[in-house]
Amino acid sequence: MINEPSVDVMIRKLGTEEEPISRYALCTVAAKRARQIIETEKNAGITDSMGKDKELLSACKDIADGKVVIAKD
């Protein structure tokens with residue numbers, strides 16, 4: 001279970017006060033970002049994962065830091 005960053009912080013970062021995103025949308029964005037991280041590491045030839053965060057945690061940190069935004073169609 002990921003406690004930091006909190007779900008509420010990530011929802012605020014991705015949504016707005018008027019239109020907060022749903023938890024489902026947050027899960028979708030986090031999963032997509034985690035897959036991007038996995039693909040980038042795979043293409044770079046990184047196989048050693050000792051001492052680094054799991055991909056989903058890295059994705060959540062990126063969302064909380066404001067590095068990830070969602071585009072509405």
# chains A, B, ... in the order shown; residues from 1 in each chain; ligands from 1

call {"tool": "residues_around", "arguments": {"residues": "stretch 62-68 of chain A", "least_positions_apart": "4", "cutoff": "9 Å", "atoms": "only C-alpha atoms", "output": "MDAnalysis selection string"}}
result
chainID A and resid 5:6 9:14 29:30 33 57:58

call {"tool": "write_last_selection", "arguments": {"atoms": "N, CA and C atoms", "output": "PDB file, in the first residue's frame"}}
result
ATOM      1  N   PRO A   5       3.009   9.502  -1.682  1.00  0.00           N
ATOM      2  CA  PRO A   5       2.097  10.619  -1.477  1.00  0.00           C
ATOM      3  C   PRO A   5       0.659  10.129  -1.315  1.00  0.00           C
ATOM      4  N   SER A   6      -0.140  10.917  -0.624  1.00  0.00           N
ATOM      5  CA  SER A   6      -1.512  10.487  -0.359  1.00  0.00           C
ATOM      6  C   SER A   6      -2.380  10.622  -1.606  1.00  0.00           C
ATOM      7  N   VAL A   9      -3.680  14.181  -2.234  1.00  0.00           N
ATOM      8  CA  VAL A   9      -2.702  15.092  -2.844  1.00  0.00           C
ATOM      9  C   VAL A   9      -2.639  14.862  -4.343  1.00  0.00           C
ATOM     10  N   MET A  10      -2.609  13.612  -4.759  1.00  0.00           N
ATOM     11  CA  MET A  10      -2.523  13.309  -6.187  1.00  0.00           C
ATOM     12  C   MET A  10      -3.792  13.727  -6.922  1.00  0.00           C
ATOM     13  N   ILE A  11      -4.946  13.553  -6.287  1.00  0.00           N
ATOM     14  CA  ILE A  11      -6.205  13.970  -6.915  1.00  0.00           C
ATOM     15  C   ILE A  11      -6.225  15.478  -7.105  1.00  0.00           C
ATOM     16  N   ARG A  12      -5.735  16.220  -6.102  1.00  0.00           N
ATOM     17  CA  ARG A  12      -5.682  17.684  -6.223  1.00  0.00           C
ATOM     18  C   ARG A  12      -4.718  18.116  -7.318  1.00  0.00           C
ATOM     19  N   LYS A  13      -3.615  17.412  -7.462  1.00  0.00           N
ATOM     20  CA  LYS A  13      -2.627  17.770  -8.485  1.00  0.00           C
ATOM     21  C   LYS A  13      -3.151  17.544  -9.897  1.00  0.00           C
ATOM     22  N   LEU A  14      -3.901  16.482 -10.095  1.00  0.00           N
ATOM     23  CA  LEU A  14      -4.386  16.157 -11.436  1.00  0.00           C
ATOM     24  C   LEU A  14      -5.672  16.884 -11.797  1.00  0.00           C
ATOM     25  N   VAL A  29      -4.234   6.901 -14.610  1.00  0.00           N
ATOM     26  CA  VAL A  29      -3.070   7.738 -14.913  1.00  0.00           C
ATOM     27  C   VAL A  29      -1.808   7.152 -14.280  1.00  0.00           C
ATOM     28  N   ALA A  30      -1.902   6.719 -13.031  1.00  0.00           N
ATOM     29  CA  ALA A  30      -0.739   6.156 -12.343  1.00  0.00           C
ATOM     30  C   ALA A  30      -0.264   4.872 -13.031  1.00  0.00           C
ATOM     31  N   ARG A  33       1.493   5.805 -16.304  1.00  0.00           N
ATOM     32  CA  ARG A  33       2.830   6.361 -16.038  1.00  0.00           C
ATOM     33  C   ARG A  33       3.794   5.257 -15.608  1.00  0.00           C
ATOM     34  N   LEU A  57       5.270   3.417  -7.408  1.00  0.00           N
ATOM     35  CA  LEU A  57       5.610   4.461  -6.442  1.00  0.00           C
ATOM     36  C   LEU A  57       6.263   5.643  -7.143  1.00  0.00           C
ATOM     37  N   SER A  58       7.142   5.371  -8.095  1.00  0.00           N
ATOM     38  CA  SER A  58       7.759   6.452  -8.869  1.00  0.00           C
ATOM     39  C   SER A  58       6.707   7.236  -9.637  1.00  0.00           C
TER      40      SER A  58
END

call {"tool": "select_by_dssp", "arguments": {"residues": "chain A", "states": "helix (DSSP H, G or I)", "output": "ChimeraX atom specification"}}
result
/A:7-14,23-44,55-64

call {"tool": "closest_residue", "arguments": {"among": "A:Ala44, A:Val7, A:Leu56, A:Ala71", "to": "A:Lys32", "atoms": "only C-alpha atoms"}}
result
A:Leu56

call {"tool": "closest_residue", "arguments": {"among": "A:Ile70, A:Ile38, A:Ala25, A:Ala31", "to": "A:Asp53", "atoms": "only C-alpha atoms"}}
result
A:Ile38

call {"tool": "atom_distance", "arguments": {"atom1": "atom CA of A:Cys27", "atom2": "atom CA of A:Gly45"}}
result
26.9 Å

call {"tool": "atom_distance", "arguments": {"atom1": "atom CA of A:Ser22", "atom2": "atom CA of A:Asp8"}}
result
10.3 Å

call {"tool": "atom_distance", "arguments": {"atom1": "atom CA of A:Thr40", "atom2": "atom CA of A:Thr28"}}
result
18.4 Å

call {"tool": "decode", "arguments": {"residues": "stretch 29-40 of chain A", "atoms": "N, CA and C atoms", "output": "PDB file, in the first residue's frame"}}
result
ATOM      1  N   VAL A  29      -4.234   6.901 -14.610  1.00  0.00           N
ATOM      2  CA  VAL A  29      -3.070   7.738 -14.913  1.00  0.00           C
ATOM      3  C   VAL A  29      -1.808   7.152 -14.280  1.00  0.00           C
ATOM      4  N   ALA A  30      -1.902   6.719 -13.031  1.00  0.00           N
ATOM      5  CA  ALA A  30      -0.739   6.156 -12.343  1.00  0.00           C
ATOM      6  C   ALA A  30      -0.264   4.872 -13.031  1.00  0.00           C
ATOM      7  N   ALA A  31      -1.191   4.038 -13.447  1.00  0.00           N
ATOM      8  CA  ALA A  31      -0.821   2.790 -14.128  1.00  0.00           C
ATOM      9  C   ALA A  31      -0.161   3.072 -15.471  1.00  0.00           C
ATOM     10  N   LYS A  32      -0.687   4.052 -16.190  1.00  0.00           N
ATOM     11  CA  LYS A  32      -0.102   4.398 -17.481  1.00  0.00           C
ATOM     12  C   LYS A  32       1.306   4.955 -17.306  1.00  0.00           C
ATOM     13  N   ARG A  33       1.493   5.805 -16.304  1.00  0.00           N
ATOM     14  CA  ARG A  33       2.830   6.361 -16.038  1.00  0.00           C
ATOM     15  C   ARG A  33       3.794   5.257 -15.608  1.00  0.00           C
ATOM     16  N   ALA A  34       3.329   4.315 -14.799  1.00  0.00           N
ATOM     17  CA  ALA A  34       4.187   3.207 -14.374  1.00  0.00           C
ATOM     18  C   ALA A  34       4.615   2.368 -15.579  1.00  0.00           C
ATOM     19  N   ARG A  35       3.700   2.142 -16.512  1.00  0.00           N
ATOM     20  CA  ARG A  35       4.056   1.391 -17.720  1.00  0.00           C
ATOM     21  C   ARG A  35       5.081   2.157 -18.549  1.00  0.00           C
ATOM     22  N   GLN A  36       4.960   3.502 -18.599  1.00  0.00           N
ATOM     23  CA  GLN A  36       5.948   4.315 -19.317  1.00  0.00           C
ATOM     24  C   GLN A  36       7.327   4.177 -18.674  1.00  0.00           C
ATOM     25  N   ILE A  37       7.374   4.194 -17.353  1.00  0.00           N
ATOM     26  CA  ILE A  37       8.640   4.058 -16.634  1.00  0.00           C
ATOM     27  C   ILE A  37       9.258   2.692 -16.916  1.00  0.00           C
ATOM     28  N   ILE A  38       8.451   1.646 -16.883  1.00  0.00           N
ATOM     29  CA  ILE A  38       8.939   0.291 -17.158  1.00  0.00           C
ATOM     30  C   ILE A  38       9.500   0.213 -18.572  1.00  0.00           C
ATOM     31  N   GLU A  39       8.785   0.771 -19.523  1.00  0.00           N
ATOM     32  CA  GLU A  39       9.222   0.727 -20.920  1.00  0.00           C
ATOM     33  C   GLU A  39      10.518   1.511 -21.110  1.00  0.00           C
ATOM     34  N   THR A  40      10.638   2.665 -20.467  1.00  0.00           N
ATOM     35  CA  THR A  40      11.860   3.466 -20.563  1.00  0.00           C
ATOM     36  C   THR A  40      13.052   2.715 -19.992  1.00  0.00           C
TER      37      THR A  40
END
